[in-house]
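Trainee: To be precise about what I am sending: the file is called coords-v2.tsv and holds TSV, C-alpha atoms.
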```tsv
chain	number	residue	atom	x	y	z
A	1	MET	CA	122.19	-66.71	-136.39
A	2	THR	CA	124.02	-67.89	-133.28
A	3	THR	CA	127.81	-67.77	-133.68
A	4	ASP	CA	130.81	-69.47	-132.07
A	5	PHE	CA	130.76	-67.00	-129.20
A	6	LYS	CA	133.10	-67.75	-126.32
A	7	SER	CA	131.59	-65.34	-123.81
A	8	ILE	CA	128.33	-63.47	-123.17
A	9	PRO	CA	128.37	-59.69	-123.74
A	10	ILE	CA	127.57	-57.14	-121.03
A	11	ILE	CA	125.32	-54.22	-122.02
A	12	ASP	CA	124.79	-51.09	-119.94
A	13	VAL	CA	121.13	-50.31	-120.65
A	14	GLY	CA	121.13	-47.20	-118.44
A	15	PRO	CA	120.52	-44.75	-121.32
A	16	LEU	CA	117.69	-46.92	-122.65
A	17	VAL	CA	116.06	-47.14	-119.21
A	18	ALA	CA	116.37	-43.37	-118.70
A	19	LYS	CA	114.78	-42.53	-122.09
A	20	GLY	CA	112.55	-45.60	-122.38
A	21	ASP	CA	109.25	-43.75	-122.11
A	22	ASP	CA	110.14	-41.37	-124.96
A	23	LEU	CA	109.17	-42.77	-128.37
A	24	LYS	CA	111.87	-40.54	-129.91
A	25	MET	CA	114.58	-42.20	-127.82
A	26	GLY	CA	116.27	-43.51	-130.97
A	27	GLN	CA	117.46	-39.98	-131.75
A	28	ASP	CA	119.67	-39.97	-128.65
A	29	PRO	CA	123.29	-41.02	-129.42
A	30	SER	CA	123.72	-42.88	-126.11
A	31	VAL	CA	120.50	-44.83	-126.73
A	32	ARG	CA	121.61	-45.63	-130.29
A	33	GLU	CA	124.79	-47.18	-128.88
A	34	VAL	CA	122.70	-49.44	-126.59
A	35	ILE	CA	120.48	-50.40	-129.56
A	36	LYS	CA	123.58	-51.32	-131.58
A	37	GLN	CA	124.84	-53.56	-128.78
A	38	LEU	CA	121.42	-55.19	-128.33
A	39	ASP	CA	121.24	-55.92	-132.05
A	40	GLN	CA	124.69	-57.52	-132.06
A	41	ALA	CA	123.95	-59.62	-128.96
A	42	CYS	CA	120.58	-60.83	-130.29
A	43	ARG	CA	122.16	-61.78	-133.62
A	44	GLU	CA	125.32	-63.45	-132.30
A	45	THR	CA	124.58	-64.99	-128.89
A	46	GLY	CA	120.89	-64.64	-128.05
A	47	PHE	CA	122.12	-64.06	-124.48
A	48	PHE	CA	123.51	-60.93	-122.81
A	49	TYR	CA	124.00	-59.48	-119.35
A	50	VAL	CA	122.36	-56.13	-118.55
A	51	LYS	CA	123.61	-53.61	-116.01
A	52	GLY	CA	122.37	-50.08	-115.35
A	53	HIS	CA	118.86	-51.54	-115.40
A	54	GLY	CA	117.46	-49.62	-112.43
A	55	VAL	CA	116.19	-52.60	-110.40
A	56	PRO	CA	117.69	-52.13	-106.92
A	57	GLN	CA	120.39	-54.62	-105.98
A	58	SER	CA	118.73	-54.90	-102.55
A	59	LEU	CA	115.46	-56.09	-104.14
A	60	MET	CA	117.27	-58.53	-106.45
A	61	ASN	CA	118.92	-60.02	-103.36
A	62	GLU	CA	115.72	-60.00	-101.32
A	63	VAL	CA	113.72	-62.05	-103.82
A	64	LYS	CA	116.51	-64.63	-103.93
A	65	ASP	CA	116.67	-64.64	-100.13
A	66	VAL	CA	112.94	-65.29	-99.65
A	67	THR	CA	113.10	-67.96	-102.37
A	68	HIS	CA	115.91	-69.72	-100.48
A	69	LYS	CA	113.91	-69.47	-97.24
A	70	PHE	CA	110.77	-70.93	-98.83
A	71	PHE	CA	112.56	-73.90	-100.38
A	72	HIS	CA	114.19	-74.69	-97.02
A	73	LEU	CA	110.79	-75.03	-95.33
A	74	PRO	CA	109.52	-78.54	-94.52
A	75	LEU	CA	107.80	-80.22	-97.48
A	76	ASN	CA	104.37	-80.15	-95.80
A	77	GLU	CA	104.64	-76.35	-95.56
A	78	LYS	CA	105.62	-76.02	-99.21
A	79	LEU	CA	102.75	-78.25	-100.29
A	80	LYS	CA	100.28	-75.74	-98.84
A	81	ILE	CA	100.67	-73.88	-102.13
A	82	LYS	CA	100.88	-77.01	-104.29
A	83	MET	CA	100.31	-76.58	-108.02
A	84	THR	CA	96.93	-78.02	-109.10
A	85	PRO	CA	94.46	-77.63	-111.98
A	86	ASN	CA	92.20	-75.60	-109.67
A	87	THR	CA	94.89	-72.94	-109.24
A	88	GLY	CA	95.40	-72.54	-112.98
A	89	TYR	CA	98.64	-74.50	-112.59
A	90	ARG	CA	100.20	-71.91	-110.33
A	91	GLY	CA	102.12	-72.94	-107.24
A	92	TYR	CA	104.77	-75.30	-105.91
A	93	GLN	CA	106.32	-78.26	-107.73
A	94	LYS	CA	108.38	-80.91	-105.97
A	95	ILE	CA	111.81	-81.99	-107.15
A	96	LYS	CA	111.71	-83.98	-110.43
A	97	GLU	CA	108.10	-83.04	-111.23
A	98	ASN	CA	109.36	-80.82	-114.04
A	99	ILE	CA	110.31	-82.80	-117.13
A	100	THR	CA	112.42	-81.58	-120.06
A	101	LYS	CA	112.75	-83.76	-123.16
A	102	GLY	CA	111.44	-86.76	-121.23
A	103	VAL	CA	113.93	-86.47	-118.35
A	104	PRO	CA	112.94	-85.27	-114.83
A	105	ASP	CA	114.77	-82.09	-113.85
A	106	LEU	CA	116.68	-81.91	-110.58
A	107	GLN	CA	114.83	-78.84	-109.33
A	108	GLU	CA	111.85	-77.66	-107.31
A	109	ALA	CA	109.93	-74.54	-108.25
A	110	ILE	CA	107.01	-72.17	-107.80
A	111	ASP	CA	105.18	-70.89	-110.89
A	112	TYR	CA	103.44	-67.52	-111.07
A	113	TYR	CA	101.53	-66.10	-114.03
A	114	ARG	CA	99.81	-62.88	-114.81
A	115	GLU	CA	96.40	-63.63	-113.35
A	116	VAL	CA	93.75	-64.77	-115.82
A	117	LYS	CA	90.16	-63.94	-114.86
A	118	ARG	CA	87.27	-66.16	-115.91
A	119	GLY	CA	86.44	-65.68	-119.58
A	120	MET	CA	89.33	-63.24	-120.11
A	121	TYR	CA	90.67	-65.11	-123.16
A	122	GLY	CA	87.74	-67.42	-123.84
A	123	SER	CA	88.50	-71.12	-124.17
A	124	LEU	CA	92.13	-70.33	-125.04
A	125	GLY	CA	92.95	-69.15	-121.52
A	126	GLU	CA	90.53	-71.32	-119.55
A	127	ILE	CA	93.21	-73.72	-118.32
A	128	LEU	CA	95.20	-70.83	-116.77
A	129	GLU	CA	92.29	-69.14	-115.04
A	130	GLY	CA	93.13	-68.69	-111.39
A	131	CYS	CA	95.00	-66.67	-108.81
A	132	ASN	CA	98.63	-66.87	-107.79
A	133	GLN	CA	99.41	-68.69	-104.55
A	134	TRP	CA	101.53	-66.85	-101.99
A	135	PRO	CA	103.10	-68.59	-99.00
A	136	LYS	CA	102.55	-67.14	-95.52
A	137	GLU	CA	106.24	-67.61	-94.77
A	138	PRO	CA	108.54	-65.80	-95.32
A	139	ALA	CA	106.32	-62.89	-94.29
A	140	ASN	CA	107.74	-60.44	-96.86
A	141	PHE	CA	107.51	-62.93	-99.76
A	142	LYS	CA	104.41	-61.57	-101.55
A	143	ALA	CA	105.23	-57.87	-101.22
A	144	SER	CA	108.80	-58.37	-102.42
A	145	MET	CA	107.79	-60.48	-105.41
A	146	GLU	CA	105.00	-58.15	-106.53
A	147	GLU	CA	107.31	-55.13	-106.50
A	148	TYR	CA	109.99	-57.13	-108.28
A	149	ILE	CA	107.54	-58.28	-110.98
A	150	ARG	CA	106.37	-54.68	-111.50
A	151	LEU	CA	109.93	-53.45	-112.03
A	152	CYS	CA	110.89	-56.39	-114.28
A	153	THR	CA	107.83	-55.76	-116.44
A	154	ASP	CA	108.78	-52.10	-116.90
A	155	LEU	CA	112.44	-52.94	-117.59
A	156	SER	CA	111.45	-55.59	-120.13
A	157	ARG	CA	109.13	-53.17	-121.91
A	158	LYS	CA	112.02	-50.71	-122.31
A	159	ILE	CA	114.47	-53.37	-123.50
A	160	MET	CA	111.90	-54.55	-126.04
A	161	ARG	CA	111.59	-50.96	-127.28
A	162	GLY	CA	115.33	-51.06	-127.89
A	163	VAL	CA	114.94	-54.39	-129.71
A	164	ALA	CA	112.15	-52.94	-131.88
A	165	LEU	CA	114.42	-50.05	-132.88
A	166	ALA	CA	117.28	-52.50	-133.51
A	167	LEU	CA	115.07	-54.41	-135.95
A	168	GLY	CA	114.36	-51.18	-137.83
A	169	GLY	CA	110.90	-50.39	-136.50
A	170	SER	CA	109.47	-47.69	-134.29
A	171	ALA	CA	110.05	-47.87	-130.53
A	172	ASP	CA	106.50	-49.16	-130.02
A	173	GLU	CA	106.55	-51.53	-133.02
A	174	LEU	CA	106.08	-54.59	-130.78
A	175	GLU	CA	103.35	-53.06	-128.60
A	176	GLY	CA	99.66	-52.45	-129.37
A	177	GLU	CA	97.98	-55.65	-130.58
A	178	LYS	CA	101.33	-57.46	-130.54
A	179	GLY	CA	102.64	-56.81	-127.05
A	180	GLY	CA	100.98	-53.75	-125.57
A	181	ASP	CA	99.18	-55.91	-122.99
A	182	PRO	CA	102.00	-58.33	-122.20
A	183	PHE	CA	101.59	-61.63	-120.45
A	184	TRP	CA	104.27	-62.59	-117.95
A	185	VAL	CA	105.48	-65.71	-116.18
A	186	VAL	CA	107.72	-65.95	-113.11
A	187	ARG	CA	109.39	-69.19	-112.10
A	188	LEU	CA	111.27	-69.44	-108.81
A	189	ILE	CA	113.64	-72.39	-109.10
A	190	GLY	CA	115.69	-74.25	-106.52
A	191	TYR	CA	118.52	-76.58	-107.56
A	192	PRO	CA	119.87	-78.94	-104.87
A	193	GLY	CA	123.63	-78.99	-104.39
A	194	LYS	CA	125.63	-81.93	-105.68
A	195	SER	CA	126.29	-84.51	-102.99
A	196	ALA	CA	128.99	-87.19	-103.18
A	197	ALA	CA	127.08	-89.14	-100.54
A	198	ILE	CA	123.90	-89.26	-102.62
A	199	PRO	CA	124.81	-89.98	-106.26
A	200	GLN	CA	122.21	-88.87	-108.82
A	201	ASN	CA	121.26	-90.77	-111.95
A	202	ASN	CA	120.61	-87.36	-113.50
A	203	ASP	CA	122.34	-84.17	-112.38
A	204	ILE	CA	120.66	-81.89	-114.93
A	205	GLY	CA	118.89	-79.09	-113.08
A	206	CYS	CA	117.10	-78.08	-116.27
A	207	GLY	CA	117.52	-79.90	-119.57
A	208	ILE	CA	118.45	-78.35	-122.91
A	209	HIS	CA	115.75	-75.97	-124.13
A	210	THR	CA	114.91	-72.58	-125.59
A	211	ASP	CA	112.52	-70.18	-123.89
A	212	TYR	CA	109.12	-69.86	-125.52
A	213	GLY	CA	108.32	-66.15	-125.17
A	214	LEU	CA	110.03	-62.86	-125.93
A	215	LEU	CA	112.59	-61.91	-123.28
A	216	THR	CA	113.81	-63.60	-120.09
A	217	LEU	CA	115.45	-61.84	-117.13
A	218	ILE	CA	117.45	-64.28	-115.00
A	219	ASN	CA	118.41	-63.29	-111.46
A	220	GLN	CA	120.77	-66.03	-110.25
A	221	ASP	CA	122.74	-66.73	-107.10
A	222	ASP	CA	126.03	-64.83	-107.22
A	223	ARG	CA	128.59	-67.48	-106.35
A	224	ILE	CA	127.43	-70.55	-108.27
A	225	THR	CA	127.94	-71.02	-112.02
A	226	ALA	CA	125.32	-73.45	-113.34
A	227	LEU	CA	123.64	-71.85	-116.38
A	228	GLU	CA	125.30	-72.82	-119.68
A	229	VAL	CA	124.61	-71.56	-123.20
A	230	LYS	CA	125.28	-73.56	-126.39
A	231	ASN	CA	127.24	-71.91	-129.20
A	232	LEU	CA	127.24	-72.84	-132.89
A	233	SER	CA	130.03	-75.41	-132.47
A	234	GLY	CA	128.12	-77.16	-129.70
A	235	GLU	CA	130.35	-75.85	-126.91
A	236	TRP	CA	128.73	-74.92	-123.60
A	237	VAL	CA	129.61	-71.37	-122.55
A	238	PRO	CA	129.04	-70.62	-118.84
A	239	ALA	CA	126.82	-67.68	-117.87
A	240	THR	CA	128.99	-66.91	-114.84
A	241	PRO	CA	127.09	-64.77	-112.31
A	242	ILE	CA	127.98	-61.06	-112.31
A	243	PRO	CA	126.48	-59.42	-109.19
A	244	GLY	CA	123.96	-56.70	-109.92
A	245	THR	CA	123.23	-57.87	-113.46
A	246	PHE	CA	120.45	-59.84	-115.10
A	247	VAL	CA	121.26	-62.53	-117.62
A	248	CYS	CA	118.85	-61.88	-120.50
A	249	ASN	CA	117.94	-64.16	-123.36
A	250	ILE	CA	115.48	-64.06	-126.22
A	251	GLY	CA	112.80	-66.66	-126.83
A	252	ASP	CA	110.89	-68.39	-129.62
A	253	MET	CA	108.37	-65.58	-130.16
A	254	LEU	CA	111.08	-62.99	-130.84
A	255	LYS	CA	112.78	-65.40	-133.22
A	256	ILE	CA	109.53	-65.54	-135.22
A	257	TRP	CA	108.85	-61.78	-135.15
A	258	SER	CA	112.44	-61.13	-136.29
A	259	ASN	CA	112.07	-63.68	-139.11
A	260	GLY	CA	115.02	-65.61	-137.70
A	261	ILE	CA	117.36	-62.60	-137.66
A	262	TYR	CA	117.49	-63.18	-133.91
A	263	GLU	CA	117.85	-66.73	-132.65
A	264	ALA	CA	116.55	-68.29	-129.42
A	265	THR	CA	119.66	-70.00	-128.05
A	266	LEU	CA	119.72	-73.43	-126.43
A	267	HIS	CA	120.71	-73.49	-122.77
A	268	ARG	CA	120.71	-75.79	-119.72
A	269	VAL	CA	121.39	-75.75	-115.98
A	270	ILE	CA	123.76	-78.10	-114.14
A	271	ASN	CA	124.51	-77.33	-110.50
A	272	ASN	CA	127.85	-78.99	-109.75
A	273	SER	CA	128.28	-76.97	-106.57
A	274	PRO	CA	127.60	-78.59	-103.17
A	275	LYS	CA	125.50	-75.50	-102.37
A	276	TYR	CA	121.79	-75.14	-102.99
A	277	ARG	CA	121.21	-72.66	-105.85
A	278	VAL	CA	118.19	-70.50	-106.62
A	279	CYS	CA	117.20	-68.61	-109.72
A	280	VAL	CA	114.37	-66.09	-110.09
A	281	ALA	CA	113.37	-66.18	-113.76
A	282	TYR	CA	111.03	-63.54	-115.18
A	283	PHE	CA	109.56	-64.15	-118.65
A	284	TYR	CA	108.15	-61.21	-120.63
A	285	GLU	CA	105.71	-62.31	-123.29
A	286	PRO	CA	103.50	-60.96	-126.11
A	287	ASN	CA	99.78	-60.37	-125.67
A	288	PHE	CA	98.25	-63.72	-124.72
A	289	ASP	CA	95.94	-63.90	-127.75
A	290	THR	CA	98.19	-62.36	-130.43
A	291	LEU	CA	99.23	-64.19	-133.58
A	292	VAL	CA	103.02	-64.05	-133.78
A	293	GLU	CA	104.37	-64.23	-137.34
A	294	PRO	CA	107.37	-62.70	-139.12
A	295	LEU	CA	107.24	-58.91	-139.29
A	296	GLU	CA	107.23	-57.58	-142.85
A	297	MET	CA	110.14	-55.24	-142.12
A	298	CYS	CA	112.19	-58.26	-141.00
A	299	VAL	CA	111.21	-60.28	-144.07
A	300	GLU	CA	112.46	-57.39	-146.21
A	301	LYS	CA	115.73	-57.26	-144.22
A	302	SER	CA	116.11	-61.00	-144.90
A	303	GLY	CA	115.86	-60.47	-148.67
A	304	GLY	CA	112.24	-61.61	-148.89
A	305	ALA	CA	112.73	-65.13	-147.51
A	306	ARG	CA	110.06	-65.76	-144.87
A	307	LEU	CA	110.52	-68.00	-141.82
A	308	ASN	CA	107.87	-70.71	-142.11
A	309	GLN	CA	106.72	-70.39	-138.50
A	310	LYS	CA	103.88	-68.68	-136.69
A	311	ALA	CA	102.05	-69.20	-133.40
A	312	VAL	CA	99.30	-67.74	-131.26
A	313	TYR	CA	101.27	-67.05	-128.10
A	314	GLY	CA	98.56	-68.33	-125.72
A	315	GLU	CA	98.27	-71.59	-127.68
A	316	HIS	CA	102.04	-71.96	-127.57
A	317	LEU	CA	101.91	-71.62	-123.78
A	318	VAL	CA	98.79	-73.75	-123.28
A	319	ASN	CA	100.28	-76.59	-125.33
A	320	LYS	CA	102.86	-76.82	-122.57
A	321	ARG	CA	100.08	-77.00	-119.98
A	322	ASN	CA	98.26	-79.71	-121.98
A	323	TYR	CA	101.34	-81.92	-121.77
A	324	PHE	CA	101.20	-81.30	-118.04
A	325	ILE	CA	97.55	-82.40	-117.73
A	326	ASN	CA	97.88	-85.50	-119.86
A	327	SER	CA	100.89	-86.82	-117.98
A	328	SER	CA	99.35	-87.38	-114.55
A	329	HIS	CA	96.59	-85.78	-112.53
A	330	HIS	CA	98.25	-86.99	-109.37
A	331	SER	CA	101.91	-86.04	-109.61
A	332	HIS	CA	101.37	-82.98	-111.84
A	333	HIS	CA	104.44	-83.20	-114.02
A	334	ILE	CA	105.19	-80.35	-116.38
A	335	ILE	CA	106.71	-81.61	-119.59
A	336	HIS	CA	108.89	-79.23	-121.60
A	337	ASP	CA	109.32	-80.48	-125.13
A	338	SER	CA	109.29	-78.87	-128.54
A	339	PHE	CA	106.18	-76.71	-128.46
A	340	SER	CA	104.00	-76.48	-131.56
A	341	ILE	CA	105.13	-73.51	-133.57
A	342	ILE	CA	103.35	-73.98	-136.88
```
Produce structure tokens that represent the structure in this file.
Mentor:
Amino acid sequence: MTTDFKSIPIIDVGPLVAKGDDLKMGQDPSVREVIKQLDQACRETGFFYVKGHGVPQSLMNEVKDVTHKFFHLPLNEKLKIKMTPNTGYRGYQKIKENITKGVPDLQEAIDYYREVKRGMYGSLGEILEGCNQWPKEPANFKASMEEYIRLCTDLSRKIMRGVALALGGSADELEGEKGGDPFWVVRLIGYPGKSAAIPQNNDIGCGIHTDYGLLTLINQDDRITALEVKNLSGEWVPATPIPGTFVCNIGDMLKIWSNGIYEATLHRVINNSPKYRVCVAYFYEPNFDTLVEPLEMCVEKSGGARLNQKAVYGEHLVNKRNYFINSSHHSHHIIHDSFSII
């Protein structure tokens, strides 16, 4: 249950990263301390910073740098990788083509997904079949992003092992048929700076929402505070950038697996700075075709009361894409609303 937190905790996951490939990591006292902190953060805030994560600061900066450079290209260059149905809805979105709760977001973005080959998930994954689109400029864009995605996937796997231990399971409790073949999503987002000369009817970079998967790693510009997290009293707590860290948050699928012990926390983005802001968001997800429902061990920890929610992860994701298709074949809006968790 989210609390009246006033700040977001910082967790040094170094011991967890170092021992993350050892299924007996929970026996190590330094790892147990990280697990304790993860458990507290997931229960009380749903958000936490991680340091000691092993992703080089130089690479974190480089992916933000190439993202800035891409978004500053002329529109006709950016539209060369335009998001379309034929690309499996991967690619570039213009400003205000992303819609949250019925309101266009003041952002532009590029979406990347783990590639889905024809027939890989049957009819469930058909809409997302396609290859990622990589711009020719900046020249180092594709290589940097692919290395970054590889490292974020490995880091997320290790953090999720810590979460599994925190919930009382084995280190690989959330792997195998649940999350041993994880799907991932990467969204590169650009938020225009606030301009007194050009007043906006809506200055929300991204409207109030929860994330729909397991774990998000947010790599944000260092000098602009724009991400805000909602506490139990309805106050907005800023996720002020701390260089060298990721802001992490848990999503809807982990809320279900944990039987509501862990809560996916509402958040939003408002860029009140005059400077253009970028965010590289990596989303670590369950297996695409897995049924996510409360884990028995978490039901027992909750005294037997079962959260009345379950979802096939891929359907949860594709419902989002169906909103996208039905809105307009021409302007390709993505609509983020309450997804169907049944």
Trainee: Let me make sure I understand: among A:Ala171, A:Glu147, A:Thr84, A:Asn61, which one has the smallest atom-to-atom distance to Val31 in chain A if we use only C-alpha atoms?
Mentor: A:Ala171
Trainee: Do a neighbour search on range 43-52 of chain A at 7 Å with all atoms listed in the file, toss out local chain neighbours closer than 3 positions, and write the hits as a list in words.
Mentor: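 Here the answer would be Met1, Thr2, Thr3, Phe5, Ile8, Pro9, Ile10, Ile11, Asp12, Val13, Gly14, Asp39, Gln40, Gly244, Thr245, Phe246, Val247, Cys248, Asn249, Ile250, Ile261, Tyr262, Glu263, Ala264 and Thr265 of chain A.
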Trainee: Taking C-alpha atoms for each residue, export the selection above as a CSV table (one decimal), in the frame of the given file.
Mentor:
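File out_38.csv, as written:
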```csv
chain,number,residue,atom,x,y,z
A,1,MET,CA,122.2,-66.7,-136.4
A,2,THR,CA,124.0,-67.9,-133.3
A,3,THR,CA,127.8,-67.8,-133.7
A,5,PHE,CA,130.8,-67.0,-129.2
A,8,ILE,CA,128.3,-63.5,-123.2
A,9,PRO,CA,128.4,-59.7,-123.7
A,10,ILE,CA,127.6,-57.1,-121.0
A,11,ILE,CA,125.3,-54.2,-122.0
A,12,ASP,CA,124.8,-51.1,-119.9
A,13,VAL,CA,121.1,-50.3,-120.6
A,14,GLY,CA,121.1,-47.2,-118.4
A,39,ASP,CA,121.2,-55.9,-132.0
A,40,GLN,CA,124.7,-57.5,-132.1
A,244,GLY,CA,124.0,-56.7,-109.9
A,245,THR,CA,123.2,-57.9,-113.5
A,246,PHE,CA,120.4,-59.8,-115.1
A,247,VAL,CA,121.3,-62.5,-117.6
A,248,CYS,CA,118.8,-61.9,-120.5
A,249,ASN,CA,117.9,-64.2,-123.4
A,250,ILE,CA,115.5,-64.1,-126.2
A,261,ILE,CA,117.4,-62.6,-137.7
A,262,TYR,CA,117.5,-63.2,-133.9
A,263,GLU,CA,117.8,-66.7,-132.6
A,264,ALA,CA,116.6,-68.3,-129.4
A,265,THR,CA,119.7,-70.0,-128.0
```
Trainee: Excluding Cys279 in chain A and residues on its chain fewer than 6 positions from it, collect all residues at most 7 Å away from it, counting all atoms listed in the file, and give them as a list in words.
Mentor: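 The residues that qualify are Leu188, Ile189, Gly190, Ile218, Asn219, Gln220 and Asp221 of chain A.
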Trainee: Skipping near chain neighbours, those fewer than 6 positions away, what residues fall within 8 Å of Glu115 in chain A using all atoms listed in the file, listed as a ChimeraX atom specification?
Mentor: /A:129-132
Trainee: Just give me the gap between CA of Trp134 in chain A and CA of Ala109 in chain A in Å, one decimal is fine.
Mentor: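 So the answer is 13.0 Å.
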Trainee: What's the separation between CA of Asn231 in chain A and CA of Arg268 in chain A, in Å to one decimal place?
Mentor: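 Taking CA of Asn231 in chain A and CA of Arg268 in chain A, their separation equals 12.1 Å.
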Trainee: Please measure the separation of CA of Val63 in chain A and CA of Cys152 in chain A, giving the value in Å to one decimal.
Mentor: 12.2 Å
Trainee: Nearest to Phe183 in chain A among A:Glu285, A:Glu296, A:Asp28, A:Asp65, with distances taken over only C-alpha atoms: which residue is it?
Mentor: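 Under the stated criterion, the closest residue is A:Glu285.
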Trainee: Rank nothing, just name the residue among A:His53, A:Arg114, A:Cys42, A:Lys230 nearest to Ser156 in chain A, using all atoms listed in the file.
Mentor: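 Looking at the shortest contact to Ser156 in chain A, the residue is A:His53.
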Trainee: When you look at Lys194 in chain A with a cut-off of 6 Å (counting all atoms listed in the file), what residues show up, excluding the ones that are within fewer than 2 positions of it in the same chain? I need them as a list in words.
Mentor: Asn272, Ser273 and Pro274 of chain A
Trainee: Just the residues within 7 Å of range 162-170 of chain A, please, counting all atoms listed in the file, with nothing from its chain fewer than 4 positions along; format it as a PyMOL selection string.
Mentor: chain A and resi 35-36+38-39+158+174+298
Trainee: Using all atoms listed in the file, find the one residue out of A:Lys255, A:Leu128, A:Glu33, A:Asp289 that sits nearest to Asp181 in chain A.
Mentor: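 Using all atoms listed in the file, Asp181 in chain A sits closest to A:Asp289.
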Trainee: Restricting the calculation to only C-alpha atoms: of A:Leu232, A:Arg187, A:Lys178, A:Pro241, which residue gets closest to Pro294 in chain A?
Mentor: A:Lys178
Trainee: Identify which of the residues A:Tyr212, A:Tyr276, A:Phe70, A:Trp184 lies closest to Ala226 in chain A, counting only C-alpha atoms when measuring atom-to-atom distances.
Mentor: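 Checking each candidate against Ala226 in chain A, we get A:Tyr276 as the closest.
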